[in-house]
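So this one's entry.json, JSON, C-alpha atoms and all ligand atoms:
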```json
[["chain", "number", "residue", "atom", "x", "y", "z"],
["A", 1238, "MET", "CA", 144.22, 33.79, 171.06],
["A", 1239, "ASN", "CA", 140.60, 34.88, 170.84],
["A", 1240, "VAL", "CA", 138.70, 32.44, 173.01],
["A", 1241, "VAL", "CA", 135.54, 32.28, 175.06],
["A", 1242, "GLU", "CA", 136.01, 30.79, 178.52],
["A", 1243, "ALA", "CA", 133.21, 28.64, 179.88],
["A", 1244, "ASN", "CA", 133.18, 26.41, 182.94],
["A", 1245, "GLY", "CA", 136.86, 25.49, 182.50],
["A", 1246, "ALA", "CA", 136.88, 25.29, 178.69],
["A", 1247, "ARG", "CA", 138.67, 27.74, 176.38],
["A", 1248, "ILE", "CA", 136.84, 27.68, 173.06],
["A", 1249, "PRO", "CA", 138.38, 29.59, 170.12],
["A", 1250, "LEU", "CA", 135.89, 32.23, 168.99],
["A", 1251, "VAL", "CA", 136.11, 31.23, 165.34],
["A", 1252, "GLY", "CA", 135.86, 27.63, 164.21],
["A", 1253, "LEU", "CA", 135.32, 25.92, 160.88],
["A", 1254, "GLY", "CA", 131.87, 24.38, 160.41],
["A", 1255, "THR", "CA", 132.06, 21.21, 158.34],
["A", 1256, "TRP", "CA", 128.45, 20.17, 157.77],
["A", 1257, "ASP", "CA", 128.05, 19.13, 154.14],
["A", 1258, "LEU", "CA", 131.81, 19.05, 153.46],
["A", 1259, "ARG", "CA", 132.77, 15.58, 152.29],
["A", 1260, "GLY", "CA", 135.69, 13.51, 151.08],
["A", 1261, "ARG", "CA", 138.86, 15.17, 149.82],
["A", 1262, "THR", "CA", 137.26, 18.64, 149.82],
["A", 1263, "CYS", "CA", 136.64, 18.31, 153.54],
["A", 1264, "ALA", "CA", 140.14, 17.06, 154.37],
["A", 1265, "ARG", "CA", 141.72, 19.79, 152.23],
["A", 1266, "LEU", "CA", 139.62, 22.58, 153.75],
["A", 1267, "VAL", "CA", 140.32, 21.46, 157.29],
["A", 1268, "GLU", "CA", 144.05, 21.32, 156.55],
["A", 1269, "GLN", "CA", 143.98, 24.75, 154.85],
["A", 1270, "ALA", "CA", 141.92, 26.30, 157.63],
["A", 1271, "LEU", "CA", 144.41, 25.13, 160.24],
["A", 1272, "ARG", "CA", 147.32, 26.42, 158.16],
["A", 1273, "LEU", "CA", 145.58, 29.80, 157.94],
["A", 1274, "GLY", "CA", 145.14, 30.05, 161.71],
["A", 1275, "TYR", "CA", 141.86, 28.32, 162.59],
["A", 1276, "ARG", "CA", 142.18, 26.41, 165.86],
["A", 1277, "HIS", "CA", 138.64, 25.05, 166.21],
["A", 1278, "ILE", "CA", 136.88, 22.50, 164.00],
["A", 1279, "ASP", "CA", 133.22, 21.50, 164.31],
["A", 1280, "THR", "CA", 132.01, 18.10, 163.11],
["A", 1281, "ALA", "CA", 129.41, 15.49, 164.11],
["A", 1282, "GLU", "CA", 128.84, 11.78, 163.64],
["A", 1283, "MET", "CA", 125.86, 12.77, 161.45],
["A", 1284, "TYR", "CA", 128.04, 14.77, 159.01],
["A", 1285, "ASP", "CA", 129.71, 11.58, 157.80],
["A", 1286, "ASN", "CA", 133.08, 13.37, 157.55],
["A", 1287, "GLU", "CA", 134.89, 12.62, 160.82],
["A", 1288, "ARG", "CA", 137.50, 10.53, 158.97],
["A", 1289, "GLU", "CA", 138.29, 13.42, 156.63],
["A", 1290, "VAL", "CA", 138.34, 15.94, 159.49],
["A", 1291, "GLY", "CA", 140.92, 13.70, 161.19],
["A", 1292, "GLU", "CA", 142.94, 13.51, 157.97],
["A", 1293, "GLY", "CA", 142.95, 17.30, 157.67],
["A", 1294, "LEU", "CA", 144.08, 17.62, 161.27],
["A", 1295, "ARG", "CA", 147.02, 15.30, 160.74],
["A", 1296, "ALA", "CA", 147.95, 16.86, 157.39],
["A", 1297, "SER", "CA", 148.13, 20.32, 159.03],
["A", 1298, "GLY", "CA", 151.11, 19.19, 161.09],
["A", 1299, "LEU", "CA", 149.76, 21.02, 164.15],
["A", 1300, "LYS", "CA", 150.11, 19.55, 167.61],
["A", 1301, "ARG", "CA", 146.95, 17.88, 168.80],
["A", 1302, "ALA", "CA", 146.78, 20.14, 171.85],
["A", 1303, "ASP", "CA", 146.66, 23.23, 169.62],
["A", 1304, "VAL", "CA", 143.32, 22.41, 167.98],
["A", 1305, "PHE", "CA", 139.89, 22.40, 169.61],
["A", 1306, "VAL", "CA", 137.82, 19.59, 168.07],
["A", 1307, "THR", "CA", 134.08, 19.29, 168.64],
["A", 1308, "THR", "CA", 131.91, 16.38, 167.60],
["A", 1309, "LYS", "CA", 128.29, 15.48, 168.37],
["A", 1310, "VAL", "CA", 126.30, 12.36, 169.17],
["A", 1311, "TRP", "CA", 123.16, 11.86, 167.09],
["A", 1312, "PRO", "CA", 119.93, 11.48, 169.13],
["A", 1313, "SER", "CA", 119.27, 7.90, 167.98],
["A", 1314, "HIS", "CA", 122.34, 7.02, 170.10],
["A", 1315, "PHE", "CA", 121.22, 8.63, 173.36],
["A", 1316, "ALA", "CA", 120.53, 5.40, 175.28],
["A", 1317, "PRO", "CA", 123.52, 5.16, 177.67],
["A", 1318, "ARG", "CA", 125.30, 2.18, 176.15],
["A", 1319, "GLU", "CA", 124.80, 3.49, 172.65],
["A", 1320, "LEU", "CA", 126.10, 6.92, 173.57],
["A", 1321, "GLU", "CA", 129.33, 5.44, 174.88],
["A", 1322, "ARG", "CA", 129.64, 3.33, 171.71],
["A", 1323, "ALA", "CA", 128.93, 6.36, 169.48],
["A", 1324, "ALA", "CA", 131.58, 8.45, 171.26],
["A", 1325, "LYS", "CA", 134.15, 5.67, 170.82],
["A", 1326, "ASP", "CA", 133.21, 5.23, 167.14],
["A", 1327, "SER", "CA", 133.67, 8.97, 166.54],
["A", 1328, "LEU", "CA", 137.14, 8.80, 168.08],
["A", 1329, "VAL", "CA", 138.06, 5.83, 165.88],
["A", 1330, "ARG", "CA", 136.96, 7.74, 162.77],
["A", 1331, "LEU", "CA", 138.78, 10.90, 163.84],
["A", 1332, "ARG", "CA", 141.79, 8.82, 164.95],
["A", 1333, "LEU", "CA", 141.94, 10.77, 168.20],
["A", 1334, "SER", "CA", 142.09, 9.55, 171.79],
["A", 1335, "GLU", "CA", 139.75, 12.32, 172.99],
["A", 1336, "VAL", "CA", 137.74, 15.21, 171.57],
["A", 1337, "ASP", "CA", 137.78, 18.64, 173.18],
["A", 1338, "LEU", "CA", 134.00, 18.90, 173.21],
["A", 1339, "LEU", "CA", 131.28, 16.28, 172.84],
["A", 1340, "LEU", "CA", 127.73, 17.55, 172.32],
["A", 1341, "LEU", "CA", 124.26, 16.06, 172.34],
["A", 1342, "HIS", "CA", 123.30, 17.07, 168.77],
["A", 1343, "TRP", "CA", 119.56, 17.60, 169.32],
["A", 1344, "PRO", "CA", 117.26, 16.90, 172.25],
["A", 1345, "ASN", "CA", 115.57, 13.50, 172.14],
["A", 1346, "PRO", "CA", 112.38, 13.43, 174.22],
["A", 1347, "GLN", "CA", 112.06, 9.67, 173.71],
["A", 1348, "ILE", "CA", 114.96, 8.95, 176.09],
["A", 1349, "PRO", "CA", 115.06, 10.38, 179.64],
["A", 1350, "LEU", "CA", 117.57, 13.24, 179.70],
["A", 1351, "ALA", "CA", 118.91, 12.03, 183.07],
["A", 1352, "GLU", "CA", 120.07, 8.77, 181.46],
["A", 1353, "THR", "CA", 121.66, 10.48, 178.47],
["A", 1354, "LEU", "CA", 123.43, 13.05, 180.61],
["A", 1355, "GLY", "CA", 124.63, 10.34, 182.99],
["A", 1356, "ALA", "CA", 126.21, 8.60, 180.00],
["A", 1357, "LEU", "CA", 127.67, 11.84, 178.63],
["A", 1358, "CYS", "CA", 129.26, 12.62, 182.02],
["A", 1359, "LYS", "CA", 130.63, 9.07, 182.18],
["A", 1360, "VAL", "CA", 132.21, 9.46, 178.74],
["A", 1361, "LYS", "CA", 133.92, 12.60, 180.02],
["A", 1362, "ALA", "CA", 135.08, 10.80, 183.19],
["A", 1363, "MET", "CA", 136.50, 8.02, 180.98],
["A", 1364, "GLY", "CA", 138.69, 10.63, 179.26],
["A", 1365, "LEU", "CA", 137.01, 10.38, 175.84],
["A", 1366, "ALA", "CA", 135.94, 14.06, 175.90],
["A", 1367, "ARG", "CA", 137.65, 16.94, 177.70],
["A", 1368, "HIS", "CA", 134.38, 18.86, 177.87],
["A", 1369, "ILE", "CA", 130.71, 18.17, 177.26],
["A", 1370, "GLY", "CA", 127.71, 20.22, 176.21],
["A", 1371, "VAL", "CA", 124.44, 20.33, 174.33],
["A", 1372, "SER", "CA", 123.08, 21.67, 171.06],
["A", 1373, "ASN", "CA", 119.65, 22.94, 170.03],
["A", 1374, "PHE", "CA", 118.49, 23.02, 173.66],
["A", 1375, "THR", "CA", 115.79, 25.53, 174.63],
["A", 1376, "VAL", "CA", 116.12, 27.50, 177.89],
["A", 1377, "ALA", "CA", 113.89, 25.00, 179.72],
["A", 1378, "MET", "CA", 115.88, 22.02, 178.41],
["A", 1379, "MET", "CA", 119.14, 23.71, 179.37],
["A", 1380, "GLU", "CA", 117.94, 24.38, 182.90],
["A", 1381, "GLU", "CA", 116.94, 20.73, 183.21],
["A", 1382, "ALA", "CA", 120.27, 19.57, 181.81],
["A", 1383, "VAL", "CA", 122.29, 21.77, 184.18],
["A", 1384, "GLY", "CA", 120.31, 20.35, 187.13],
["A", 1385, "LEU", "CA", 120.96, 16.76, 186.05],
["A", 1386, "ALA", "CA", 124.61, 16.88, 184.95],
["A", 1387, "SER", "CA", 127.30, 15.86, 187.44],
["A", 1388, "GLU", "CA", 129.97, 17.48, 185.23],
["A", 1389, "PRO", "CA", 129.89, 21.08, 184.00],
["A", 1390, "LEU", "CA", 128.24, 21.73, 180.66],
["A", 1391, "VAL", "CA", 130.37, 24.20, 178.69],
["A", 1392, "CYS", "CA", 128.33, 24.92, 175.57],
["A", 1393, "ASN", "CA", 124.94, 25.17, 173.94],
["A", 1394, "GLN", "CA", 125.39, 25.25, 170.17],
["A", 1395, "VAL", "CA", 122.36, 26.91, 168.58],
["A", 1396, "GLU", "CA", 121.31, 28.57, 165.35],
["A", 1397, "LEU", "CA", 122.36, 32.20, 165.74],
["A", 1398, "HIS", "CA", 122.93, 35.00, 163.23],
["A", 1399, "VAL", "CA", 121.94, 38.61, 162.69],
["A", 1400, "PHE", "CA", 118.43, 37.71, 161.51],
["A", 1401, "LEU", "CA", 117.57, 35.67, 164.62],
["A", 1402, "ASP", "CA", 117.05, 36.89, 168.18],
["A", 1403, "GLN", "CA", 118.37, 34.28, 170.62],
["A", 1404, "SER", "CA", 118.65, 36.65, 173.60],
["A", 1405, "LYS", "CA", 116.76, 34.32, 175.96],
["A", 1406, "VAL", "CA", 119.05, 31.35, 175.28],
["A", 1407, "ILE", "CA", 122.10, 33.61, 175.48],
["A", 1408, "ALA", "CA", 121.00, 35.00, 178.86],
["A", 1409, "ALA", "CA", 120.37, 31.50, 180.22],
["A", 1410, "CYS", "CA", 123.82, 30.36, 179.03],
["A", 1411, "ARG", "CA", 125.44, 33.35, 180.74],
["A", 1412, "ARG", "CA", 123.62, 32.57, 184.01],
["A", 1413, "HIS", "CA", 125.25, 29.14, 184.01],
["A", 1414, "GLY", "CA", 128.68, 30.10, 182.65],
["A", 1415, "ILE", "CA", 127.93, 28.18, 179.45],
["A", 1416, "ALA", "CA", 129.36, 29.36, 176.13],
["A", 1417, "VAL", "CA", 127.06, 30.02, 173.20],
["A", 1418, "VAL", "CA", 128.38, 28.62, 169.92],
["A", 1419, "ALA", "CA", 126.54, 30.08, 166.93],
["A", 1420, "TYR", "CA", 125.77, 27.75, 164.04],
["A", 1421, "ALA", "CA", 124.70, 29.07, 160.64],
["A", 1422, "PRO", "CA", 126.38, 32.32, 161.81],
["A", 1423, "ILE", "CA", 126.22, 33.88, 158.33],
["A", 1424, "ALA", "CA", 122.65, 32.66, 157.82],
["A", 1425, "ARG", "CA", 123.83, 30.11, 155.23],
["A", 1426, "GLY", "CA", 125.16, 32.96, 153.09],
["A", 1427, "GLY", "CA", 121.97, 35.04, 153.51],
["A", 1428, "VAL", "CA", 123.84, 38.02, 154.97],
["A", 1429, "LYS", "CA", 125.55, 38.69, 151.64],
["A", 1430, "GLY", "CA", 123.32, 41.28, 149.98],
["A", 1431, "ASN", "CA", 122.03, 42.94, 153.16],
["A", 1432, "ALA", "CA", 122.16, 46.75, 152.80],
["A", 1433, "THR", "CA", 122.85, 47.55, 156.48],
["A", 1434, "LEU", "CA", 125.67, 45.01, 156.74],
["A", 1435, "THR", "CA", 127.13, 46.19, 153.43],
["A", 1436, "ARG", "CA", 127.11, 49.83, 154.57],
["A", 1437, "ILE", "CA", 128.65, 49.07, 157.97],
["A", 1438, "GLY", "CA", 131.17, 46.79, 156.28],
["A", 1439, "LYS", "CA", 132.25, 49.53, 153.87],
["A", 1440, "ALA", "CA", 133.09, 51.81, 156.79],
["A", 1441, "HIS", "CA", 135.53, 49.17, 158.07],
["A", 1442, "ASP", "CA", 136.63, 47.76, 154.72],
["A", 1443, "LYS", "CA", 134.94, 44.48, 155.60],
["A", 1444, "SER", "CA", 132.34, 42.23, 153.95],
["A", 1445, "PRO", "CA", 128.77, 41.67, 155.24],
["A", 1446, "ALA", "CA", 129.83, 38.17, 156.36],
["A", 1447, "GLN", "CA", 132.71, 39.65, 158.40],
["A", 1448, "VAL", "CA", 130.39, 42.22, 160.03],
["A", 1449, "SER", "CA", 127.94, 39.43, 160.91],
["A", 1450, "LEU", "CA", 130.66, 37.27, 162.45],
["A", 1451, "ARG", "CA", 132.23, 40.22, 164.28],
["A", 1452, "TYR", "CA", 128.82, 41.16, 165.73],
["A", 1453, "LEU", "CA", 128.63, 37.76, 167.44],
["A", 1454, "ALA", "CA", 132.29, 37.41, 168.40],
["A", 1455, "GLN", "CA", 132.22, 40.90, 169.96],
["A", 1456, "GLN", "CA", 129.61, 39.49, 172.37],
["A", 1457, "GLN", "CA", 131.92, 36.56, 173.24],
["A", 1458, "ILE", "CA", 129.79, 34.21, 171.16],
["A", 1459, "ALA", "CA", 131.82, 31.63, 169.24],
["A", 1460, "VAL", "CA", 131.05, 31.27, 165.51],
["A", 1461, "ILE", "CA", 131.58, 28.26, 163.24],
["A", 1462, "PRO", "CA", 131.06, 29.46, 159.65],
["A", 1463, "ARG", "CA", 131.35, 26.86, 156.93],
["A", 1464, "THR", "CA", 132.78, 27.41, 153.49],
["A", 1465, "SER", "CA", 133.79, 25.11, 150.68],
["A", 1466, "ARG", "CA", 136.06, 27.84, 149.19],
["A", 1467, "VAL", "CA", 139.61, 28.26, 150.38],
["A", 1468, "GLU", "CA", 139.57, 32.04, 149.73],
["A", 1469, "ARG", "CA", 136.67, 32.49, 152.11],
["A", 1470, "LEU", "CA", 138.50, 30.73, 154.95],
["A", 1471, "SER", "CA", 140.72, 33.80, 155.45],
["A", 1472, "GLU", "CA", 137.80, 36.19, 155.06],
["A", 1473, "ASN", "CA", 135.78, 34.48, 157.80],
["A", 1474, "LEU", "CA", 138.75, 34.49, 160.18],
["A", 1475, "ALA", "CA", 139.69, 38.16, 159.67],
["A", 1476, "ILE", "CA", 137.31, 39.64, 162.22],
["A", 1477, "PHE", "CA", 139.67, 40.59, 165.03],
["A", 1478, "ASP", "CA", 141.25, 43.68, 163.47],
["A", 1479, "PHE", "CA", 138.21, 45.93, 163.73],
["A", 1480, "ALA", "CA", 135.39, 46.66, 166.19],
["A", 1481, "LEU", "CA", 131.77, 47.67, 165.77],
["A", 1482, "SER", "CA", 130.68, 50.80, 167.64],
["A", 1483, "PRO", "CA", 127.74, 50.62, 170.08],
["A", 1484, "ASP", "CA", 125.54, 52.29, 167.41],
["A", 1485, "GLU", "CA", 126.61, 49.76, 164.78],
["A", 1486, "MET", "CA", 125.95, 46.89, 167.22],
["A", 1487, "SER", "CA", 122.41, 48.25, 167.77],
["A", 1488, "GLU", "CA", 121.82, 48.60, 164.04],
["A", 1489, "VAL", "CA", 122.87, 45.00, 163.44],
["A", 1490, "ALA", "CA", 120.77, 43.79, 166.39],
["A", 1491, "ALA", "CA", 117.73, 45.44, 164.77],
["A", 1492, "LEU", "CA", 118.03, 43.10, 161.74],
["A", 1493, "ALA", "CA", 116.57, 40.21, 163.77],
["A", 1494, "HIS", "CA", 112.99, 39.35, 162.87],
["A", 1495, "ARG", "CA", 110.36, 36.80, 163.77],
["A", 1496, "ARG", "CA", 110.83, 34.68, 160.67],
["A", 1497, "GLY", "CA", 114.61, 34.69, 160.92],
["A", 1498, "ARG", "CA", 115.03, 31.04, 161.85],
["A", 1499, "ILE", "CA", 116.45, 28.85, 159.08],
["A", 1500, "VAL", "CA", 116.59, 25.48, 160.82],
["A", 1501, "ASP", "CA", 113.03, 25.74, 162.05],
["A", 1502, "TYR", "CA", 112.28, 22.16, 163.04],
["A", 1503, "ALA", "CA", 114.40, 22.71, 166.15],
["A", 1504, "TYR", "CA", 111.60, 23.78, 168.42],
["A", 1505, "SER", "CA", 108.50, 22.71, 166.55],
["A", 1506, "GLY", "CA", 108.82, 19.07, 167.56],
["A", 1507, "PRO", "CA", 111.45, 16.41, 167.17],
["A", 1508, "PRO", "CA", 112.20, 15.07, 163.72],
["A", 1509, "LYS", "CA", 112.12, 11.28, 163.35],
["A", 1510, "TRP", "CA", 115.53, 10.09, 164.49],
["A", 1511, "ASP", "CA", 115.70, 6.70, 162.79],
["A", 1601, "LIG", "N1", 124.29, 21.75, 165.93],
["A", 1601, "LIG", "C1", 123.52, 21.75, 164.86],
["A", 1601, "LIG", "O1", 122.39, 21.22, 164.86],
["A", 1601, "LIG", "C2", 124.01, 22.40, 163.60],
["A", 1601, "LIG", "C3", 123.11, 22.69, 162.58],
["A", 1601, "LIG", "C4", 123.61, 23.33, 161.44],
["A", 1601, "LIG", "C5", 124.97, 23.64, 161.34],
["A", 1601, "LIG", "N2", 125.83, 23.31, 162.36],
["A", 1601, "LIG", "C6", 127.29, 23.62, 162.27],
["A", 1601, "LIG", "O2", 127.46, 25.00, 162.00],
["A", 1601, "LIG", "C7", 128.24, 25.15, 160.82],
["A", 1601, "LIG", "C8", 127.86, 26.42, 160.08],
["A", 1601, "LIG", "O3", 126.50, 26.46, 159.75],
["A", 1601, "LIG", "P1", 125.97, 26.24, 158.25],
["A", 1601, "LIG", "O4", 126.96, 25.44, 157.53],
["A", 1601, "LIG", "O5", 124.59, 25.71, 158.35],
["A", 1601, "LIG", "O6", 125.82, 27.73, 157.67],
["A", 1601, "LIG", "P2", 126.76, 29.04, 157.53],
["A", 1601, "LIG", "O7", 128.12, 28.78, 158.02],
["A", 1601, "LIG", "O8", 126.00, 30.19, 158.10],
["A", 1601, "LIG", "O9", 126.75, 29.28, 155.96],
["A", 1601, "LIG", "C9", 127.43, 28.47, 155.07],
["A", 1601, "LIG", "C10", 127.13, 29.00, 153.66],
["A", 1601, "LIG", "O10", 127.60, 30.35, 153.56],
["A", 1601, "LIG", "C11", 128.47, 30.49, 152.44],
["A", 1601, "LIG", "N3", 129.59, 31.36, 152.87],
["A", 1601, "LIG", "C12", 130.66, 31.03, 153.65],
["A", 1601, "LIG", "N4", 131.46, 32.09, 153.85],
["A", 1601, "LIG", "C13", 130.90, 33.12, 153.18],
["A", 1601, "LIG", "C14", 131.26, 34.48, 153.01],
["A", 1601, "LIG", "N5", 132.35, 34.98, 153.58],
["A", 1601, "LIG", "N6", 130.45, 35.27, 152.25],
["A", 1601, "LIG", "C15", 129.33, 34.76, 151.68],
["A", 1601, "LIG", "N7", 128.93, 33.49, 151.81],
["A", 1601, "LIG", "C16", 129.71, 32.66, 152.55],
["A", 1601, "LIG", "C17", 128.93, 29.09, 152.10],
["A", 1601, "LIG", "O11", 129.09, 28.97, 150.71],
["A", 1601, "LIG", "P3", 130.53, 28.54, 150.06],
["A", 1601, "LIG", "O12", 130.77, 27.12, 150.48],
["A", 1601, "LIG", "O13", 130.28, 28.71, 148.59],
["A", 1601, "LIG", "O14", 131.54, 29.51, 150.62],
["A", 1601, "LIG", "C18", 127.76, 28.22, 152.56],
["A", 1601, "LIG", "O15", 126.81, 28.08, 151.52],
["A", 1601, "LIG", "C19", 127.94, 23.85, 160.04],
["A", 1601, "LIG", "O16", 128.85, 23.65, 159.00],
["A", 1601, "LIG", "C20", 128.01, 22.86, 161.16],
["A", 1601, "LIG", "O17", 129.35, 22.58, 161.51],
["A", 1601, "LIG", "C21", 125.37, 22.72, 163.49]]
```

Translate this structure into C-alpha cells?
Ligand SMILES: NC(=O)c1ccc[n+]([C@@H]2O[C@H](COP(=O)([O-])OP(=O)(O)OC[C@H]3O[C@@H](n4cnc5c(N)ncnc54)[C@H](OP(=O)(O)O)[C@@H]3O)[C@@H](O)[C@H]2O)c1
Amino acid sequence: MNVVEANGARIPLVGLGTWDLRGRTCARLVEQALRLGYRHIDTAEMYDNEREVGEGLRASGLKRADVFVTTKVWPSHFAPRELERAAKDSLVRLRLSEVDLLLLHWPNPQIPLAETLGALCKVKAMGLARHIGVSNFTVAMMEEAVGLASEPLVCNQVELHVFLDQSKVIAACRRHGIAVVAYAPIARGGVKGNATLTRIGKAHDKSPAQVSLRYLAQQQIAVIPRTSRVERLSENLAIFDFALSPDEMSEVAALAHRRGRIVDYAYSGPPKWD
C-alpha cells in the first residue's frame, strides 16, 4: 500500500476528506470510497459527521484494522479534562474504541500548549488514539509542541496544494520525522482549469486534479481530497500509476504564489472559538 511512515505511524497517502459532507451522502461516500480502495478517512468533531463516517465504515464491511481513521479536537475543548471528554465523545459518535490519529484541529493560544499536549498524550496512553498530532501549526508552534510532548507527534495537517508554498513547514516536519498531511489538496477545485496542470495531465492521460495530487504524493505528502461525487472518488485515488518527471515537478512547484492561501485565517490570528 502507498503509505507515509512517520514516528511509528503508517498513514495511507490518499485519504477521503469529509468536511462539509453530511447525513446519508457522507455515509454513502465513505462506504463507496472504502469499497473503491481508500483506506484513510479524515473527519473532525467540528464537521458534525462522525456518526455518518462510522456508519460508512461499518457498511463497507472492511476490518477495522484495515482503515486509518483520523479525527480532530476543536480548540474550545483544549483544557485537559475537556480534551479527554471530547476524544471520548468522538469515539462514541464513530462507534470505535480508538482512532488511528487524533489531532489538535487549530492552535489555541488561550490555553497553555503544555496542558493541552499533556492531555493529548494521556488520551493516547489510555488507548483512545493510536497516534497523535497537530493541525494548522506554524513551524514555531510545531517546534514548541515537539519539545513539550511526551509521546511522538506523527502529523501536522496543513493547507497545501500547488498554489501554496509550504516548504518551511514541510522541512520542519521532516526534521522531526512528522508526516505532512495536505488539506485542500486540490485547492477546493481551483486546480481544474489551470493550463500547466492540464498540459502535464494530457501527457499522462490524467486530469489536473490527479496531477496536483500526484505532485504531493510523489513527495511523500499525504493528501485528503474531498468530493461529494462518487465518480470523482476513483479519479482522486488513481495517482499511483504514473510519475511526474523532475522537470514536470519543477513546473508544478512554480505555480505557488504569495496569495495562494485559501484558508487564510490560519496564521493571521485565532478565530473566536466559542
Ligand atoms: N485541518 C483543517 O483545519 C482542515 C481545513 C480544511 C479541510 N480539511 C480536511 O481536508 C479535506 C479536503 O479539503 P477541502 O475539502 O477543503 O478541499 P479540496 O479537497 O481541495 O477540494 C474539494 C472541492 O474540490 C472538488 N473536487 C473534488 N475532486 C475533484 C476533481 N477530481 N476535479 C475537480 N474538482 C474536484 C469538490 O467538488 P465535488 O464535491 O463537486 O466533487 C469540492 O468542491 C476536507 O474535506 C477536510 O477533511 C482540514

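The smallest atom-to-atom distance between A:Gly1254 and any of A:Leu1492, A:Ile1348, A:Val1267, A:Val1241, using all atoms listed in the file, is found for A:Val1267.
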
Chain A near ligand LIG 1601 (chain A) within 6 Å: what's each residue's closest atom pair and its distance in Å to one decimal, counting all atoms listed in the file, ordered by chain then ascending residue number, as a tab-separated table?
```
residue	atom	partner	partner_atom	distance
A:Gly1254	CA	A:LIG1601	O17	3.3
A:Thr1255	CA	A:LIG1601	O16	4.1
A:Trp1256	CA	A:LIG1601	O16	3.7
A:Asp1279	CA	A:LIG1601	O17	4.9
A:Thr1280	CA	A:LIG1601	O17	5.5
A:His1342	CA	A:LIG1601	N1	5.6
A:Ser1372	CA	A:LIG1601	N1	5.3
A:Gln1394	CA	A:LIG1601	N1	5.6
A:Tyr1420	CA	A:LIG1601	O2	3.8
A:Ala1421	CA	A:LIG1601	O8	3.1
A:Pro1422	CA	A:LIG1601	O8	4.3
A:Ile1423	CA	A:LIG1601	O8	3.7
A:Ala1424	CA	A:LIG1601	O8	4.2
A:Arg1425	CA	A:LIG1601	O9	3.1
A:Gly1426	CA	A:LIG1601	O10	3.6
A:Lys1429	CA	A:LIG1601	C15	5.5
A:Ala1446	CA	A:LIG1601	N5	4.9
A:Ile1461	CA	A:LIG1601	C7	5.2
A:Pro1462	CA	A:LIG1601	O7	3.4
A:Arg1463	CA	A:LIG1601	O7	3.9
A:Thr1464	CA	A:LIG1601	O12	3.6
A:Ser1465	CA	A:LIG1601	O12	3.6
A:Arg1466	CA	A:LIG1601	O14	5.0
A:Arg1469	CA	A:LIG1601	N5	5.2
A:Glu1472	CA	A:LIG1601	N5	5.8
A:Asn1473	CA	A:LIG1601	N5	5.5
```

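The space separating atom CA of A:Gly1291 from atom CA of A:Leu1333 comes to 7.7 Å.
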
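Nearest to A:Leu1271 of all the residues A:Ser1487, A:Ser1297, A:Thr1435, A:Asn1286 is A:Ser1297, based on only C-alpha atoms.
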
Nearest candidate to A:Ala1351 (options A:Ala1386, A:Leu1481, A:Glu1488, A:His1277; using all atoms listed in the file): A:Ala1386

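With distances restricted to all atoms listed in the file, A:Trp1311 is the closest residue to A:Met1283 from A:Trp1311, A:Phe1374, A:Trp1343, A:Phe1479.
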
Exercise: A:Gly1370 partners within 9 Å, only C-alpha atoms, chain neighbours under 3 positions left out, as a list in words: Leu1338, Leu1339, Leu1340, Leu1341, Leu1357, Pro1389, Leu1390, Val1391, Cys1392, Asn1393, Gln1394 and Ile1415 of chain A

Closest of A:Ala1246, A:Val1251, A:Val1304, A:Ala1324 to A:Gln1447 - atom-to-atom distances counting only C-alpha atoms: A:Val1251

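You can rank A:Val1489, A:Val1467, A:Val1360, A:Ser1334 by their closest distance to A:Arg1436 using all atoms listed in the file, and at the top of that list sits A:Val1489.
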
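Picture a line from atom CA of A:Val1417 to atom CA of A:Ile1458; it runs 5.4 Å.
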
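Atom CA of A:Arg1498 lies 6.0 Å from atom CA of A:Leu1401.
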
Spatial neighbours of A:Thr1353, 7 Å, only C-alpha atoms, chain gap at least 6 places, as a PyMOL selection string: chain A and resi 1315-1317

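Here the residues that fall within 9 Å of (115.2, 10.1, 174.5), using only C-alpha atoms, are given as Pro1312, Ser1313, His1314, Phe1315, Ala1316, Pro1344, Asn1345, Pro1346, Gln1347, Ile1348, Pro1349, Leu1350, Glu1352 and Thr1353 of chain A.
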
Output C-alpha atoms for every residue in the selection just made, as a tab-separated table (two decimals), in the frame of the given file.
```tsv
chain	number	residue	atom	x	y	z
A	1312	PRO	CA	119.93	11.48	169.13
A	1313	SER	CA	119.27	7.90	167.98
A	1314	HIS	CA	122.34	7.02	170.10
A	1315	PHE	CA	121.22	8.63	173.36
A	1316	ALA	CA	120.53	5.40	175.28
A	1344	PRO	CA	117.26	16.90	172.25
A	1345	ASN	CA	115.57	13.50	172.14
A	1346	PRO	CA	112.38	13.43	174.22
A	1347	GLN	CA	112.06	9.67	173.71
A	1348	ILE	CA	114.96	8.95	176.09
A	1349	PRO	CA	115.06	10.38	179.64
A	1350	LEU	CA	117.57	13.24	179.70
A	1352	GLU	CA	120.07	8.77	181.46
A	1353	THR	CA	121.66	10.48	178.47
```

Within 10 Å of file point (139.6, 16.3, 173.2), counting only C-alpha atoms, expressed as number ranges by chain: A: 1301-1302, 1304-1308, 1328, 1333-1339, 1361, 1364-1369

Contact residues around A:Gly1384 with all atoms listed in the file at 12 Å, ignoring same-chain residues under 3 positions, as a ChimeraX atom specification: /A:1350-1351,1354-1355,1377-1381,1387-1390,1413

Shell around A:Arg1288 at 10 Å using all atoms listed in the file, local window under 3 positions removed, as an MDAnalysis selection string: chainID A and resid 1259:1260 1263:1264 1282 1285 1291:1294 1327:1332
